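Visitor: My structure is stored as input_18.cif, with mmCIF, N, CA and C atoms.
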data_my_file
loop_
_atom_site.group_PDB
_atom_site.id
_atom_site.type_symbol
_atom_site.label_atom_id
_atom_site.label_comp_id
_atom_site.auth_asym_id
_atom_site.auth_seq_id
_atom_site.Cartn_x
_atom_site.Cartn_y
_atom_site.Cartn_z
ATOM 1 N N MET M 1 -17.789 14.162 40.422
ATOM 2 C CA MET M 1 -17.313 14.834 41.612
ATOM 3 C C MET M 1 -18.399 14.758 42.683
ATOM 4 N N VAL M 2 -18.004 14.516 43.921
ATOM 5 C CA VAL M 2 -18.917 14.522 45.052
ATOM 6 C C VAL M 2 -18.447 15.602 46.012
ATOM 7 N N ASN M 3 -19.376 16.464 46.392
ATOM 8 C CA ASN M 3 -19.056 17.549 47.309
ATOM 9 C C ASN M 3 -20.303 17.856 48.123
ATOM 10 N N ALA M 4 -20.193 17.859 49.437
ATOM 11 C CA ALA M 4 -21.331 18.176 50.304
ATOM 12 C C ALA M 4 -21.262 19.650 50.680
ATOM 13 N N ILE M 5 -22.370 20.351 50.488
ATOM 14 C CA ILE M 5 -22.447 21.754 50.883
ATOM 15 C C ILE M 5 -23.729 21.968 51.665
ATOM 16 N N GLU M 6 -23.693 22.895 52.606
ATOM 17 C CA GLU M 6 -24.903 23.238 53.349
ATOM 18 C C GLU M 6 -25.676 24.277 52.568
ATOM 19 N N VAL M 7 -26.987 24.086 52.519
ATOM 20 C CA VAL M 7 -27.853 25.040 51.829
ATOM 21 C C VAL M 7 -29.035 25.374 52.721
ATOM 22 N N ILE M 8 -29.688 26.467 52.390
ATOM 23 C CA ILE M 8 -30.940 26.821 53.049
ATOM 24 C C ILE M 8 -31.988 26.932 51.949
ATOM 25 N N TYR M 9 -33.186 26.489 52.254
ATOM 26 C CA TYR M 9 -34.272 26.532 51.279
ATOM 27 C C TYR M 9 -35.121 27.758 51.548
ATOM 28 N N GLU M 10 -35.106 28.695 50.612
ATOM 29 C CA GLU M 10 -35.866 29.936 50.746
ATOM 30 C C GLU M 10 -36.509 30.280 49.410
ATOM 31 N N GLU M 11 -37.766 30.650 49.457
ATOM 32 C CA GLU M 11 -38.485 31.104 48.270
ATOM 33 C C GLU M 11 -38.356 30.114 47.110
ATOM 34 N N ASP M 12 -38.541 28.821 47.424
ATOM 35 C CA ASP M 12 -38.488 27.740 46.428
ATOM 36 C C ASP M 12 -37.121 27.565 45.777
ATOM 37 N N VAL M 13 -36.046 28.012 46.436
ATOM 38 C CA VAL M 13 -34.697 27.894 45.884
ATOM 39 C C VAL M 13 -33.755 27.403 46.979
ATOM 40 N N PHE M 14 -32.872 26.450 46.635
ATOM 41 C CA PHE M 14 -31.823 26.016 47.548
ATOM 42 C C PHE M 14 -30.648 26.980 47.396
ATOM 43 N N LYS M 15 -30.289 27.650 48.490
ATOM 44 C CA LYS M 15 -29.216 28.638 48.451
ATOM 45 C C LYS M 15 -28.049 28.159 49.307
ATOM 46 N N PRO M 16 -26.838 28.064 48.716
ATOM 47 C CA PRO M 16 -25.675 27.618 49.494
ATOM 48 C C PRO M 16 -25.335 28.621 50.591
ATOM 49 N N LEU M 17 -24.878 28.104 51.732
ATOM 50 C CA LEU M 17 -24.494 28.972 52.839
ATOM 51 C C LEU M 17 -23.090 29.544 52.657
ATOM 52 N N LYS M 18 -22.289 28.903 51.796
ATOM 53 C CA LYS M 18 -20.942 29.387 51.477
ATOM 54 C C LYS M 18 -20.812 29.470 49.957
ATOM 55 N N ARG M 19 -19.891 30.272 49.512
ATOM 56 C CA ARG M 19 -19.643 30.400 48.078
ATOM 57 C C ARG M 19 -19.140 29.061 47.533
ATOM 58 N N ILE M 20 -19.684 28.669 46.389
ATOM 59 C CA ILE M 20 -19.238 27.449 45.734
ATOM 60 C C ILE M 20 -18.705 27.794 44.349
ATOM 61 N N ASN M 21 -17.777 27.001 43.882
ATOM 62 C CA ASN M 21 -17.138 27.277 42.608
ATOM 63 C C ASN M 21 -17.641 26.285 41.554
ATOM 64 N N LEU M 22 -18.774 26.609 40.947
ATOM 65 C CA LEU M 22 -19.346 25.793 39.883
ATOM 66 C C LEU M 22 -19.702 26.688 38.707
ATOM 67 N N PRO M 23 -19.516 26.166 37.495
ATOM 68 C CA PRO M 23 -19.936 26.956 36.339
ATOM 69 C C PRO M 23 -21.447 27.157 36.334
ATOM 70 N N GLU M 24 -21.890 28.296 35.846
ATOM 71 C CA GLU M 24 -23.308 28.604 35.732
ATOM 72 C C GLU M 24 -24.001 27.504 34.931
ATOM 73 N N GLY M 25 -25.163 27.057 35.417
ATOM 74 C CA GLY M 25 -25.942 26.038 34.709
ATOM 75 C C GLY M 25 -25.563 24.605 35.041
ATOM 76 N N THR M 26 -24.609 24.409 35.958
ATOM 77 C CA THR M 26 -24.218 23.051 36.345
ATOM 78 C C THR M 26 -25.389 22.355 37.022
ATOM 79 N N ARG M 27 -25.690 21.135 36.571
ATOM 80 C CA ARG M 27 -26.769 20.346 37.183
ATOM 81 C C ARG M 27 -26.210 19.573 38.366
ATOM 82 N N CYS M 28 -26.959 19.550 39.460
ATOM 83 C CA CYS M 28 -26.535 18.865 40.685
ATOM 84 C C CYS M 28 -27.714 18.095 41.258
ATOM 85 N N VAL M 29 -27.424 17.205 42.184
ATOM 86 C CA VAL M 29 -28.446 16.470 42.913
ATOM 87 C C VAL M 29 -28.403 16.929 44.359
ATOM 88 N N VAL M 30 -29.562 17.202 44.937
ATOM 89 C CA VAL M 30 -29.646 17.620 46.336
ATOM 90 C C VAL M 30 -30.246 16.472 47.134
ATOM 91 N N ILE M 31 -29.574 16.079 48.205
ATOM 92 C CA ILE M 31 -30.069 15.043 49.111
ATOM 93 C C ILE M 31 -30.473 15.739 50.400
ATOM 94 N N ILE M 32 -31.732 15.580 50.790
ATOM 95 C CA ILE M 32 -32.246 16.235 51.993
ATOM 96 C C ILE M 32 -31.927 15.354 53.198
ATOM 97 N N GLU M 33 -31.249 15.922 54.178
ATOM 98 C CA GLU M 33 -30.872 15.191 55.381
ATOM 99 C C GLU M 33 -31.194 16.054 56.587
ATOM 100 N N GLU M 34 -31.914 15.480 57.544
ATOM 101 C CA GLU M 34 -32.233 16.241 58.753
ATOM 102 C C GLU M 34 -30.979 16.469 59.580
ATOM 103 N N ASP M 35 -30.956 17.565 60.277
ATOM 104 C CA ASP M 35 -29.873 17.861 61.200
ATOM 105 C C ASP M 35 -29.901 16.817 62.309
ATOM 106 N N ILE M 36 -28.775 16.179 62.585
ATOM 107 C CA ILE M 36 -28.716 15.085 63.557
ATOM 108 C C ILE M 36 -29.172 15.541 64.939
ATOM 109 N N ASP M 37 -28.886 16.782 65.312
ATOM 110 C CA ASP M 37 -29.324 17.281 66.618
ATOM 111 C C ASP M 37 -30.844 17.328 66.703
ATOM 112 N N ASP M 38 -31.497 17.691 65.596
ATOM 113 C CA ASP M 38 -32.963 17.697 65.567
ATOM 114 C C ASP M 38 -33.520 16.286 65.695
ATOM 115 N N VAL M 39 -32.884 15.338 65.018
ATOM 116 C CA VAL M 39 -33.334 13.944 65.078
ATOM 117 C C VAL M 39 -33.193 13.403 66.499
ATOM 118 N N VAL M 40 -32.046 13.665 67.137
ATOM 119 C CA VAL M 40 -31.808 13.200 68.503
ATOM 120 C C VAL M 40 -32.831 13.814 69.455
ATOM 121 N N ALA M 41 -33.118 15.100 69.297
ATOM 122 C CA ALA M 41 -34.100 15.764 70.162
ATOM 123 C C ALA M 41 -35.486 15.139 69.989
ATOM 124 N N LYS M 42 -35.860 14.811 68.755
ATOM 125 C CA LYS M 42 -37.158 14.172 68.500
ATOM 126 C C LYS M 42 -37.228 12.792 69.149
ATOM 127 N N VAL M 43 -36.142 12.034 69.038
ATOM 128 C CA VAL M 43 -36.112 10.695 69.641
ATOM 129 C C VAL M 43 -36.177 10.803 71.160
ATOM 130 N N ASP M 44 -35.406 11.720 71.735
ATOM 131 C CA ASP M 44 -35.439 11.922 73.190
ATOM 132 C C ASP M 44 -36.849 12.277 73.670
ATOM 133 N N GLU M 45 -37.515 13.165 72.955
ATOM 134 C CA GLU M 45 -38.879 13.564 73.319
ATOM 135 C C GLU M 45 -39.839 12.381 73.228
ATOM 136 N N LEU M 46 -39.701 11.591 72.186
ATOM 137 C CA LEU M 46 -40.553 10.405 72.025
ATOM 138 C C LEU M 46 -40.326 9.409 73.162
ATOM 139 N N ILE M 47 -39.073 9.205 73.532
ATOM 140 C CA ILE M 47 -38.746 8.291 74.628
ATOM 141 C C ILE M 47 -39.392 8.770 75.922
ATOM 142 N N LYS M 48 -39.285 10.059 76.205
ATOM 143 C CA LYS M 48 -39.888 10.612 77.419
ATOM 144 C C LYS M 48 -41.409 10.497 77.389
ATOM 145 N N ARG M 49 -42.005 10.855 76.248
ATOM 146 C CA ARG M 49 -43.465 10.844 76.127
ATOM 147 C C ARG M 49 -44.029 9.435 76.267
ATOM 148 N N LYS M 50 -43.317 8.440 75.757
ATOM 149 C CA LYS M 50 -43.776 7.051 75.823
ATOM 150 C C LYS M 50 -43.388 6.371 77.135
ATOM 151 N N GLY M 51 -42.568 7.053 77.950
ATOM 152 C CA GLY M 51 -42.150 6.469 79.228
ATOM 153 C C GLY M 51 -41.207 5.289 79.061
ATOM 154 N N ILE M 52 -40.420 5.310 77.997
ATOM 155 C CA ILE M 52 -39.497 4.206 77.716
ATOM 156 C C ILE M 52 -38.246 4.365 78.576
ATOM 157 N N THR M 53 -37.799 3.260 79.158
ATOM 158 C CA THR M 53 -36.569 3.251 79.932
ATOM 159 C C THR M 53 -35.518 2.470 79.157
ATOM 160 N N ILE M 54 -34.379 3.095 78.935
ATOM 161 C CA ILE M 54 -33.285 2.428 78.227
ATOM 162 C C ILE M 54 -32.224 2.080 79.260
ATOM 163 N N LYS M 55 -32.032 0.773 79.467
ATOM 164 C CA LYS M 55 -31.106 0.307 80.500
ATOM 165 C C LYS M 55 -29.683 0.171 79.972
ATOM 166 N N ASP M 56 -29.558 -0.230 78.702
ATOM 167 C CA ASP M 56 -28.233 -0.445 78.116
ATOM 168 C C ASP M 56 -27.887 0.709 77.180
ATOM 169 N N ASP M 57 -26.592 0.928 76.990
ATOM 170 C CA ASP M 57 -26.125 1.966 76.079
ATOM 171 C C ASP M 57 -26.309 1.484 74.639
ATOM 172 N N PRO M 58 -27.194 2.132 73.868
ATOM 173 C CA PRO M 58 -27.450 1.686 72.493
ATOM 174 C C PRO M 58 -26.198 1.658 71.626
ATOM 175 N N LEU M 59 -25.270 2.593 71.836
ATOM 176 C CA LEU M 59 -24.040 2.604 71.051
ATOM 177 C C LEU M 59 -23.195 1.370 71.350
ATOM 178 N N GLU M 60 -23.105 0.997 72.621
ATOM 179 C CA GLU M 60 -22.347 -0.200 72.990
ATOM 180 C C GLU M 60 -22.970 -1.455 72.370
ATOM 181 N N ILE M 61 -24.290 -1.523 72.356
ATOM 182 C CA ILE M 61 -24.978 -2.664 71.749
ATOM 183 C C ILE M 61 -24.700 -2.708 70.249
ATOM 184 N N LEU M 62 -24.748 -1.570 69.598
ATOM 185 C CA LEU M 62 -24.462 -1.499 68.164
ATOM 186 C C LEU M 62 -23.038 -1.932 67.861
ATOM 187 N N ILE M 63 -22.096 -1.404 68.619
ATOM 188 C CA ILE M 63 -20.694 -1.756 68.403
ATOM 189 C C ILE M 63 -20.466 -3.241 68.676
ATOM 190 N N GLY M 64 -21.062 -3.749 69.746
ATOM 191 C CA GLY M 64 -20.939 -5.166 70.069
ATOM 192 C C GLY M 64 -21.512 -6.051 68.975
ATOM 193 N N GLY M 65 -22.607 -5.631 68.365
ATOM 194 C CA GLY M 65 -23.214 -6.406 67.297
ATOM 195 C C GLY M 65 -22.399 -6.417 66.037
ATOM 196 N N ARG M 66 -21.519 -5.431 65.857
ATOM 197 C CA ARG M 66 -20.708 -5.345 64.657
ATOM 198 C C ARG M 66 -19.414 -6.130 64.794
ATOM 199 N N ARG M 67 -19.090 -6.563 66.016
ATOM 200 C CA ARG M 67 -17.815 -7.292 66.230
ATOM 201 C C ARG M 67 -17.916 -8.714 65.822
#
Go ahead and express the file in the form of structure tokens.
Guide:
Amino acid sequence: MVNAIEVIYEEDVFKPLKRINLPEGTRCVVIIEEDIDDVVAKVDELIKRKGITIKDDPLEILIGGRR
């Protein structure tokens, strides 16, 4: 079974933000993924700090490359 749930890490324990229905003792794998808004903010800050100018829309370039 694959199920994505949001958790918060507190006091060395991953705690689900919503109730989950799993039997006690069930083993699971946790994949750590940064919040996309945080990643975008970091990239935006880096672009500004480095003085990078983006002339083309990166999404359009990506989509065009996939066609």
Visitor: How far is it from CA of Met1 (chain M) to CA of Glu24 (chain M), in Å with one decimal?
Guide: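 Interatomic distance, CA of Met1 (chain M) to CA of Glu24 (chain M): 16.1 Å.
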Visitor: Can you work out the spacing between CA of Pro16 (chain M) and atom N of Ile31 (chain M) in Å, to one decimal?
Guide: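 Distance between the two atoms: 12.2 Å.
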Visitor: I need the strand (DSSP E) residues of chain M per DSSP on the backbone, written as a short mmCIF file (atom, residue, chain, number, x, y, z; two decimals) with N, CA and C atoms, keeping the file's coordinate frame.
Guide:
data_model
loop_
_atom_site.label_atom_id
_atom_site.label_comp_id
_atom_site.auth_asym_id
_atom_site.auth_seq_id
_atom_site.Cartn_x
_atom_site.Cartn_y
_atom_site.Cartn_z
N VAL M 7 -26.99 24.09 52.52
CA VAL M 7 -27.85 25.04 51.83
C VAL M 7 -29.04 25.37 52.72
N ILE M 8 -29.69 26.47 52.39
CA ILE M 8 -30.94 26.82 53.05
C ILE M 8 -31.99 26.93 51.95
N TYR M 9 -33.19 26.49 52.25
CA TYR M 9 -34.27 26.53 51.28
C TYR M 9 -35.12 27.76 51.55
N GLU M 10 -35.11 28.70 50.61
CA GLU M 10 -35.87 29.94 50.75
C GLU M 10 -36.51 30.28 49.41
N VAL M 13 -36.05 28.01 46.44
CA VAL M 13 -34.70 27.89 45.88
C VAL M 13 -33.76 27.40 46.98
N PHE M 14 -32.87 26.45 46.64
CA PHE M 14 -31.82 26.02 47.55
C PHE M 14 -30.65 26.98 47.40
N LYS M 15 -30.29 27.65 48.49
CA LYS M 15 -29.22 28.64 48.45
C LYS M 15 -28.05 28.16 49.31
N PRO M 16 -26.84 28.06 48.72
CA PRO M 16 -25.68 27.62 49.49
C PRO M 16 -25.34 28.62 50.59
#
Visitor: To one decimal place in Å, what is the distance between atom C of Ile63 (chain M) and atom N of Lys50 (chain M)?
Guide: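 A separation of 26.6 Å between them.
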Visitor: As lines of an AutoDock Vina configuration file, please: the centre and edge lengths in Å, to one decimal, of an axis-aligned box enclosing every listed atom of region 37-48 of chain M with 6 Å added on each side.
Guide:
center_x = -35.1
center_y = 13.0
center_z = 71.2
size_x = 24.5
size_y = 21.4
size_z = 24.4
Visitor: Identify, with DSSP run on backbone atoms, the residues in chain M assigned to alpha helix (DSSP H), and express the list as number ranges by chain.
Guide: M: 36-50, 58-66
Visitor: For Glu6 (chain M), work out the shell of residues within 12 Å, counting only C-alpha atoms and skipping chain neighbours fewer than 6 positions away, then give it as a PyMOL selection string.
Guide: chain M and resi 14-20+30-35
Visitor: From the list M:Gly64, M:Asp56, M:Val29, M:Leu46, which residue is nearest Val2 (chain M) when using only C-alpha atoms?
Guide: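 Ranking M:Gly64, M:Asp56, M:Val29, M:Leu46 by distance to Val2 (chain M), first place goes to M:Val29.
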